[in-house]
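See below for query.tsv, which holds TSV, C-alpha atoms.
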chain	number	residue	atom	x	y	z
Z	3	MET	CA	-8.39	42.27	-41.68
Z	4	ASN	CA	-11.37	44.60	-41.83
Z	5	PRO	CA	-10.15	48.24	-42.21
Z	6	THR	CA	-12.34	49.40	-39.32
Z	7	ARG	CA	-10.90	46.72	-37.03
Z	8	THR	CA	-7.39	47.58	-38.20
Z	9	LEU	CA	-8.02	51.24	-37.40
Z	10	ALA	CA	-9.32	50.35	-33.93
Z	11	LEU	CA	-6.29	48.17	-33.18
Z	12	THR	CA	-3.93	50.86	-34.46
Z	13	ALA	CA	-5.61	53.39	-32.16
Z	14	LEU	CA	-4.38	51.35	-29.19
Z	15	ALA	CA	-0.85	52.60	-29.95
Z	16	PRO	CA	-1.39	56.35	-29.40
Z	17	ILE	CA	-3.71	55.60	-26.49
Z	18	THR	CA	-0.93	53.54	-24.86
Z	19	TRP	CA	1.61	56.29	-25.60
Z	20	GLY	CA	-0.65	58.67	-23.71
Z	21	THR	CA	0.08	56.74	-20.50
Z	22	SER	CA	3.79	57.58	-20.75
Z	23	TYR	CA	3.26	61.05	-19.28
Z	24	LEU	CA	1.70	59.62	-16.12
Z	25	VAL	CA	4.30	56.85	-15.82
Z	26	THR	CA	7.19	59.28	-16.34
Z	27	THR	CA	6.03	61.75	-13.69
Z	28	GLU	CA	4.98	59.18	-11.10
Z	29	LEU	CA	7.41	56.26	-11.46
Z	30	LEU	CA	10.62	57.35	-13.18
Z	31	PRO	CA	13.68	59.30	-11.95
Z	32	ALA	CA	13.62	63.01	-12.74
Z	33	ASP	CA	15.82	64.75	-15.31
Z	34	ARG	CA	16.81	61.63	-17.25
Z	35	PRO	CA	14.91	62.03	-20.55
Z	36	LEU	CA	17.50	60.35	-22.76
Z	37	LEU	CA	17.74	57.41	-20.36
Z	38	THR	CA	13.97	57.04	-20.53
Z	39	ALA	CA	13.98	57.23	-24.33
Z	40	THR	CA	16.81	54.67	-24.60
Z	41	LEU	CA	15.23	52.22	-22.16
Z	42	ARG	CA	11.96	52.49	-24.05
Z	43	ALA	CA	13.46	51.54	-27.39
Z	44	LEU	CA	16.56	49.39	-26.89
Z	45	PRO	CA	15.17	46.59	-24.65
Z	46	ALA	CA	12.01	46.41	-26.76
Z	47	GLY	CA	14.09	46.01	-29.91
Z	48	LEU	CA	16.29	43.36	-28.34
Z	49	ILE	CA	13.24	41.40	-27.16
Z	50	LEU	CA	11.67	41.36	-30.62
Z	51	LEU	CA	15.01	40.50	-32.26
Z	52	ALA	CA	15.48	37.59	-29.83
Z	53	ILE	CA	11.99	36.31	-30.66
Z	54	THR	CA	12.32	36.55	-34.44
Z	55	ARG	CA	16.08	36.00	-34.92
Z	56	VAL	CA	15.82	37.74	-38.27
Z	57	LEU	CA	18.44	40.29	-39.35
Z	58	PRO	CA	18.16	42.79	-42.21
Z	59	ARG	CA	19.62	41.88	-45.58
Z	60	GLY	CA	21.06	44.00	-48.36
Z	61	ALA	CA	19.57	47.49	-48.59
Z	62	TRP	CA	17.44	46.86	-45.53
Z	63	TRP	CA	20.43	47.48	-43.26
Z	64	TRP	CA	20.41	51.18	-44.15
Z	65	LYS	CA	16.66	51.38	-44.63
Z	66	ALA	CA	16.06	49.96	-41.15
Z	67	ALA	CA	18.62	52.41	-39.75
Z	68	ILE	CA	16.86	55.37	-41.39
Z	69	LEU	CA	13.39	54.26	-40.29
Z	70	GLY	CA	14.60	53.55	-36.76
Z	71	THR	CA	16.27	56.95	-36.56
Z	72	LEU	CA	13.20	58.83	-37.81
Z	73	ASN	CA	10.43	56.87	-36.09
Z	74	ILE	CA	12.26	56.22	-32.81
Z	75	GLY	CA	15.69	57.79	-32.20
Z	76	ALA	CA	15.33	61.32	-33.55
Z	77	PHE	CA	11.66	61.48	-32.62
Z	78	PHE	CA	12.25	60.52	-28.97
Z	79	ALA	CA	15.32	62.74	-28.57
Z	80	LEU	CA	13.80	65.87	-30.14
Z	81	MET	CA	10.54	65.32	-28.31
Z	82	PHE	CA	12.33	65.30	-24.95
Z	83	VAL	CA	14.43	68.36	-25.86
Z	84	ALA	CA	11.20	70.21	-26.66
Z	85	ALA	CA	9.60	69.00	-23.45
Z	86	TYR	CA	12.52	70.32	-21.37
Z	87	ARG	CA	12.83	73.70	-23.12
Z	88	LEU	CA	9.12	74.45	-23.53
Z	89	PRO	CA	6.00	74.20	-21.40
Z	90	GLY	CA	4.38	70.81	-21.86
Z	91	GLY	CA	1.41	72.29	-23.68
Z	92	VAL	CA	3.55	74.03	-26.27
Z	93	ALA	CA	5.64	70.89	-26.86
Z	94	ALA	CA	2.51	68.74	-27.26
Z	95	THR	CA	0.98	71.21	-29.70
Z	96	LEU	CA	4.11	71.27	-31.86
Z	97	ALA	CA	4.24	67.46	-31.87
Z	98	ALA	CA	0.61	67.44	-33.01
Z	99	VAL	CA	1.69	69.06	-36.28
Z	100	HIS	CA	2.74	65.56	-37.42
Z	101	PRO	CA	-0.71	64.54	-38.83
Z	102	LEU	CA	-0.94	67.88	-40.62
Z	103	LEU	CA	2.41	67.23	-42.33
Z	104	VAL	CA	1.39	63.72	-43.35
Z	105	THR	CA	-1.92	64.83	-44.85
Z	106	MET	CA	-0.10	67.58	-46.78
Z	107	LEU	CA	2.60	65.27	-48.17
Z	108	ALA	CA	0.86	61.91	-48.60
Z	109	SER	CA	-0.63	62.76	-51.99
Z	110	ARG	CA	2.73	63.97	-53.36
Z	111	THR	CA	5.01	61.32	-51.92
Z	112	LEU	CA	2.72	58.28	-51.91
Z	113	GLY	CA	0.13	59.14	-54.53
Z	114	GLU	CA	-2.63	58.82	-51.93
Z	115	ARG	CA	-5.91	60.59	-52.47
Z	116	VAL	CA	-6.35	62.70	-49.33
Z	117	ALA	CA	-9.93	63.81	-48.87
Z	118	PRO	CA	-10.55	67.48	-47.98
Z	119	LEU	CA	-12.30	66.25	-44.83
Z	120	ALA	CA	-9.07	64.54	-43.72
Z	121	ARG	CA	-7.09	67.76	-44.23
Z	122	ALA	CA	-9.68	69.71	-42.25
Z	123	ALA	CA	-9.60	67.05	-39.52
Z	124	ALA	CA	-5.81	67.40	-39.22
Z	125	GLY	CA	-6.09	71.16	-38.75
Z	126	ALA	CA	-8.96	70.77	-36.29
Z	127	GLY	CA	-6.96	68.22	-34.31
Z	128	VAL	CA	-4.05	70.65	-33.88
Z	129	VAL	CA	-6.49	73.30	-32.63
Z	130	GLY	CA	-8.05	70.75	-30.28
Z	131	VAL	CA	-4.67	69.80	-28.80
Z	132	ALA	CA	-3.81	73.48	-28.34
Z	133	LEU	CA	-7.08	74.10	-26.48
Z	134	LEU	CA	-6.52	71.00	-24.35
Z	135	VAL	CA	-2.95	71.59	-23.24
Z	136	LEU	CA	-1.88	75.22	-23.81
Z	137	THR	CA	-1.94	77.55	-20.84
Z	138	PRO	CA	-2.08	81.36	-20.85
Z	139	GLY	CA	1.33	83.01	-20.89
Z	140	ALA	CA	3.17	79.94	-22.18
Z	141	ARG	CA	6.71	81.00	-23.01
Z	142	LEU	CA	8.49	80.14	-26.25
Z	143	ASP	CA	12.11	79.09	-26.63
Z	144	ALA	CA	13.57	79.14	-30.13
Z	145	TRP	CA	15.54	75.89	-29.83
Z	146	GLY	CA	12.62	74.23	-28.10
Z	147	VAL	CA	10.31	75.20	-30.95
Z	148	VAL	CA	12.82	73.89	-33.50
Z	149	ALA	CA	13.09	70.62	-31.59
Z	150	GLY	CA	9.31	70.29	-31.31
Z	151	LEU	CA	8.78	70.85	-35.01
Z	152	GLY	CA	11.73	68.56	-35.74
Z	153	SER	CA	10.14	65.73	-33.75
Z	154	ALA	CA	6.91	66.15	-35.72
Z	155	ALA	CA	8.82	66.21	-39.02
Z	156	ALA	CA	10.85	63.11	-38.06
Z	157	THR	CA	7.85	60.97	-37.26
Z	158	ALA	CA	5.94	62.27	-40.29
Z	159	ALA	CA	8.86	61.34	-42.56
Z	160	GLY	CA	9.09	57.98	-40.81
Z	161	VAL	CA	5.42	57.23	-41.48
Z	162	LEU	CA	5.71	58.21	-45.15
Z	163	LEU	CA	8.89	56.18	-45.72
Z	164	THR	CA	7.48	53.18	-43.86
Z	165	LYS	CA	4.48	53.30	-46.16
Z	166	ARG	CA	6.62	53.80	-49.27
Z	167	TRP	CA	9.17	51.06	-48.57
Z	168	GLY	CA	6.83	48.48	-47.06
Z	169	ARG	CA	8.32	45.61	-45.10
Z	170	PRO	CA	10.34	42.61	-46.34
Z	171	VAL	CA	9.77	40.47	-43.22
Z	172	PRO	CA	6.98	39.77	-40.71
Z	173	ILE	CA	5.89	42.73	-38.60
Z	174	LEU	CA	7.63	41.47	-35.43
Z	175	ALA	CA	11.05	41.56	-37.06
Z	176	PHE	CA	10.32	44.79	-38.93
Z	177	THR	CA	9.36	46.55	-35.69
Z	178	GLY	CA	12.31	45.06	-33.82
Z	179	TRP	CA	14.78	46.39	-36.41
Z	180	GLN	CA	13.50	49.93	-35.99
Z	181	LEU	CA	13.38	49.86	-32.19
Z	182	LEU	CA	16.90	48.45	-32.01
Z	183	ALA	CA	18.25	51.02	-34.48
Z	184	GLY	CA	16.52	53.86	-32.65
Z	185	GLY	CA	17.79	52.64	-29.28
Z	186	LEU	CA	21.36	52.45	-30.55
Z	187	VAL	CA	21.07	55.99	-31.95
Z	188	LEU	CA	20.04	57.17	-28.48
Z	189	LEU	CA	22.58	55.15	-26.47
Z	190	VAL	CA	25.74	57.20	-27.08
Z	191	PRO	CA	24.13	60.65	-26.55
Z	192	MET	CA	22.53	59.30	-23.38
Z	193	LEU	CA	25.87	58.14	-21.95
Z	194	LEU	CA	27.71	61.33	-23.00
Z	195	ILE	CA	25.09	63.79	-21.76
Z	196	GLU	CA	23.49	62.05	-18.78
Z	197	GLY	CA	26.15	59.54	-17.77
Z	198	ALA	CA	25.61	56.07	-16.38
Z	199	PRO	CA	22.09	55.17	-15.21
Z	200	PRO	CA	21.39	55.84	-11.53
Z	201	HIS	CA	20.31	53.24	-8.99
Z	202	LEU	CA	16.82	52.16	-9.96
Z	203	THR	CA	14.07	51.58	-7.44
Z	204	THR	CA	11.31	49.00	-7.82
Z	205	ALA	CA	8.98	51.76	-9.00
Z	206	ASN	CA	11.53	52.85	-11.61
Z	207	VAL	CA	11.88	49.29	-12.93
Z	208	LEU	CA	8.11	48.87	-13.15
Z	209	GLY	CA	7.81	52.18	-14.98
Z	210	TYR	CA	10.51	51.33	-17.51
Z	211	ALA	CA	9.02	47.85	-18.00
Z	212	TRP	CA	5.64	49.38	-18.82
Z	213	LEU	CA	7.16	51.86	-21.28
Z	214	ALA	CA	9.34	49.22	-22.96
Z	215	VAL	CA	6.84	46.39	-23.42
Z	216	PRO	CA	3.23	47.63	-23.71
Z	217	GLY	CA	4.21	51.26	-24.32
Z	218	THR	CA	6.77	50.62	-27.05
Z	219	ALA	CA	7.10	47.03	-28.30
Z	220	LEU	CA	3.38	46.22	-28.47
Z	221	ALA	CA	2.31	49.77	-29.29
Z	222	TYR	CA	4.69	50.05	-32.25
Z	223	LEU	CA	3.63	46.63	-33.52
Z	224	ALA	CA	0.08	47.96	-33.69
Z	225	TRP	CA	1.22	51.29	-35.14
Z	226	PHE	CA	3.37	49.91	-37.95
Z	227	SER	CA	0.69	47.35	-38.82
Z	228	GLY	CA	-1.79	50.18	-39.27
Z	229	VAL	CA	0.66	52.35	-41.21
Z	230	LEU	CA	1.34	49.52	-43.67
Z	231	ARG	CA	-2.32	48.55	-44.15
Z	232	LEU	CA	-4.16	51.88	-44.12
Z	233	PRO	CA	-3.70	55.25	-45.84
Z	234	ALA	CA	-0.98	57.24	-44.09
Z	235	SER	CA	-3.19	60.29	-43.68
Z	236	ARG	CA	-5.86	58.21	-41.97
Z	237	VAL	CA	-3.46	56.56	-39.53
Z	238	SER	CA	-1.61	59.75	-38.62
Z	239	LEU	CA	-4.80	61.40	-37.32
Z	240	LEU	CA	-4.94	58.76	-34.59
Z	241	SER	CA	-1.89	60.33	-32.95
Z	242	PHE	CA	-4.18	63.06	-31.59
Z	243	LEU	CA	-5.38	60.42	-29.11
Z	244	THR	CA	-2.05	60.59	-27.23
Z	245	PRO	CA	-2.50	64.06	-25.64
Z	246	LEU	CA	-6.19	63.30	-25.14
Z	247	THR	CA	-5.34	60.14	-23.18
Z	248	ALA	CA	-2.68	61.99	-21.17
Z	249	GLY	CA	-5.18	64.71	-20.25
Z	250	ALA	CA	-7.85	62.19	-19.30
Z	251	LEU	CA	-5.42	60.27	-17.06
Z	252	GLY	CA	-4.23	63.50	-15.44
Z	253	TRP	CA	-7.84	64.25	-14.53
Z	254	ALA	CA	-8.81	60.71	-13.46
Z	255	VAL	CA	-5.64	59.65	-11.64
Z	256	LEU	CA	-3.87	62.83	-10.56
Z	257	GLY	CA	-6.95	64.90	-9.85
Z	258	GLN	CA	-6.04	67.63	-12.32
Z	259	SER	CA	-8.89	69.95	-13.19
Z	260	LEU	CA	-10.12	70.51	-16.71
Z	261	ALA	CA	-11.50	73.92	-17.66
Z	262	PRO	CA	-14.40	74.23	-20.13
Z	263	LEU	CA	-11.95	75.30	-22.84
Z	264	GLN	CA	-9.90	72.15	-22.29
Z	265	LEU	CA	-13.04	70.01	-22.46
Z	266	ALA	CA	-13.91	71.71	-25.73
Z	267	GLY	CA	-10.42	70.88	-27.01
Z	268	GLY	CA	-10.86	67.22	-26.06
Z	269	ALA	CA	-14.21	67.11	-27.84
Z	270	LEU	CA	-12.66	68.69	-30.93
Z	271	ILE	CA	-9.93	66.03	-30.94
Z	272	LEU	CA	-12.56	63.28	-30.90
Z	273	VAL	CA	-14.42	64.97	-33.74
Z	274	ALA	CA	-11.18	65.26	-35.73
Z	275	VAL	CA	-10.28	61.58	-35.24
Z	276	GLY	CA	-13.82	60.51	-36.11
Z	277	ALA	CA	-13.88	62.72	-39.20
Z	278	GLY	CA	-10.53	61.32	-40.32
Z	279	ALA	CA	-11.81	57.76	-39.91
Z	280	TYR	CA	-14.93	58.59	-41.91
Z	281	ALA	CA	-12.95	60.37	-44.62
Z	282	GLY	CA	-10.80	57.30	-45.15
Z	283	ARG	CA	-13.70	54.93	-45.74
Z	284	PRO	CA	-13.96	53.55	-49.26
Z	285	ALA	CA	-16.78	55.08	-51.21
Z	286	HIS	CA	-19.88	52.91	-51.38
Z	287	ARG	CA	-20.82	52.13	-54.92
Z	288	PRO	CA	-24.48	51.29	-55.50
Z	289	PRO	CA	-25.19	48.29	-57.76
Z	290	ALA	CA	-25.46	49.08	-61.44
Z	291	PRO	CA	-29.06	49.56	-62.57
Z	292	VAL	CA	-30.58	46.67	-64.49
Z	293	PRO	CA	-31.89	47.63	-67.93
Z	294	ALA	CA	-35.68	47.52	-68.17
Z	295	ASP	CA	-35.67	45.02	-71.03
Z	296	THR	CA	-33.37	42.50	-69.32
Z	297	SER	CA	-35.13	39.17	-68.97
Z	298	ALA	CA	-35.12	37.02	-65.86
Z	299	ARG	CA	-33.10	34.35	-67.68
Z	300	GLU	CA	-30.36	36.87	-68.56
Z	301	LEU	CA	-30.12	37.92	-64.90
Z	302	VAL	CA	-29.72	34.33	-63.76
Z	303	ASN	CA	-27.05	33.59	-66.36
Z	304	ALA	CA	-25.10	36.83	-65.79
Could you write out this file's structure as structure tokens?
Amino acid sequence: MNPTRTLALTALAPITWGTSYLVTTELLPADRPLLTATLRALPAGLILLAITRVLPRGAWWWKAAILGTLNIGAFFALMFVAAYRLPGGVAATLAAVHPLLVTMLASRTLGERVAPLARAAAGAGVVGVALLVLTPGARLDAWGVVAGLGSAAATAAGVLLTKRWGRPVPILAFTGWQLLAGGLVLLVPMLLIEGAPPHLTTANVLGYAWLAVPGTALAYLAWFSGVLRLPASRVSLLSFLTPLTAGALGWAVLGQSLAPLQLAGGALILVAVGAGAYAGRPAHRPPAPVPADTSARELVNA
């Protein structure tokens, strides 16, 4: 597939993830973050496993468990801990450190050539997210900060390991393994901390269905496809689209106002994503010059 088309399809994943904030606040029961995380991952993994009927073999049992824990289980859990202990803007800004970590580590762990423009784009994206979502007087909680940085580190490590290990099976099965492993990692803490799920309304069921199928199963199919086909540093910059989408939906659907500084942050995010996409393009090599004494017959026979 054309790299530009692959990048565009991969971008659908963070854009879809950006809808989760609206769905969670408007359709889901309050104060059940681990339930939400579990119902996002576990049903999606079971659906993909039922479709593919392919189980891991050999070393891929523990590799799938590690990838599922990093990309799904630990990421979801730490993200929600940060969201509950910190203002939403602070938590989102800490999560946005993920592309910065990937661009810093991709050259060392994967041998990728990370262009200076991509590194600058990662830093600019973090600044853009901060401008978009941070509010004056936002308080800091030490454990919340640790959890926020931990969620960014988990997903960054997951991206790098996914890229390093590749996949031994089609993308449907590969994604299903990780979602199932991540959901199982979340299941026990959810039952111990939050207890059995409450009675679910029709709105709750619709919200969880959206998060599980388009928001997780389909989104992670697109995400892992992009991670495996494109440079890790290039793909990771797309994650800046998640807070941008959430902010745009808050304005369009919930009537939330956007100050000029927030608009500037959104514009900076778009610039960062665009710069990262440009930085990842293969260099264009002009055709080699033809020597002046080359005859027409030599050109035809070359």
One-decimal distance in Å that lies between CA of Gly184 in chain Z and CA of Val135 in chain Z: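 We find that CA of Val135 in chain Z and CA of Gly184 in chain Z lie 28.0 Å from each other.
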Near range 34-51 of chain Z, 9 Å: range 91-183 of chain Z residue rows, closest pairs, all atoms listed in the file, as JSON lines:
{"residue": "Z:Leu174", "atom": "CA", "partner": "Z:Leu50", "partner_atom": "CA", "distance": 6.3}
{"residue": "Z:Ala175", "atom": "CA", "partner": "Z:Leu51", "partner_atom": "CA", "distance": 6.3}
{"residue": "Z:Thr177", "atom": "CA", "partner": "Z:Gly47", "partner_atom": "CA", "distance": 7.5}
{"residue": "Z:Gly178", "atom": "CA", "partner": "Z:Gly47", "partner_atom": "CA", "distance": 4.4}
{"residue": "Z:Trp179", "atom": "CA", "partner": "Z:Gly47", "partner_atom": "CA", "distance": 6.5}
{"residue": "Z:Gln180", "atom": "CA", "partner": "Z:Gly47", "partner_atom": "CA", "distance": 7.3}
{"residue": "Z:Leu181", "atom": "CA", "partner": "Z:Gly47", "partner_atom": "CA", "distance": 4.5}
{"residue": "Z:Leu182", "atom": "CA", "partner": "Z:Gly47", "partner_atom": "CA", "distance": 4.3}
{"residue": "Z:Ala183", "atom": "CA", "partner": "Z:Leu44", "partner_atom": "CA", "distance": 7.9}
Non-local contacts of range 75-85 of chain Z (7 Å; all atoms listed in the file; under 4 positions in same chain excluded) as JSON, numbers by chain: {"Z": [35, 36, 39, 70, 71, 89, 90, 93, 146, 147, 149, 150, 152, 153, 156, 157, 184, 185, 187, 188]}
Residues near Ala277 in chain Z, cut-off 8 Å, all atoms listed in the file, skip fewer than 4 positions along chain, as a VMD selection string: chain Z and resid 119 to 120 123 273 281
Given only C-alpha atoms, how would the per-residue table for range 181-293 of chain Z near range 94-115 of chain Z read, listing every residue at most 8 Å away with its closest atom pair and distance in Å to one decimal, sorted by chain and number, as CSV?
residue,atom,partner,partner_atom,distance
Z:Pro233,CA,Z:Glu114,CA,7.1
Z:Ala234,CA,Z:Ala108,CA,6.7
Z:Ser235,CA,Z:Thr105,CA,4.9
Z:Ser238,CA,Z:Pro101,CA,4.9
Z:Leu239,CA,Z:Pro101,CA,5.4
Z:Ser241,CA,Z:Pro101,CA,7.3
Z:Phe242,CA,Z:Ala98,CA,6.6
Z:Pro245,CA,Z:Ala94,CA,7.0
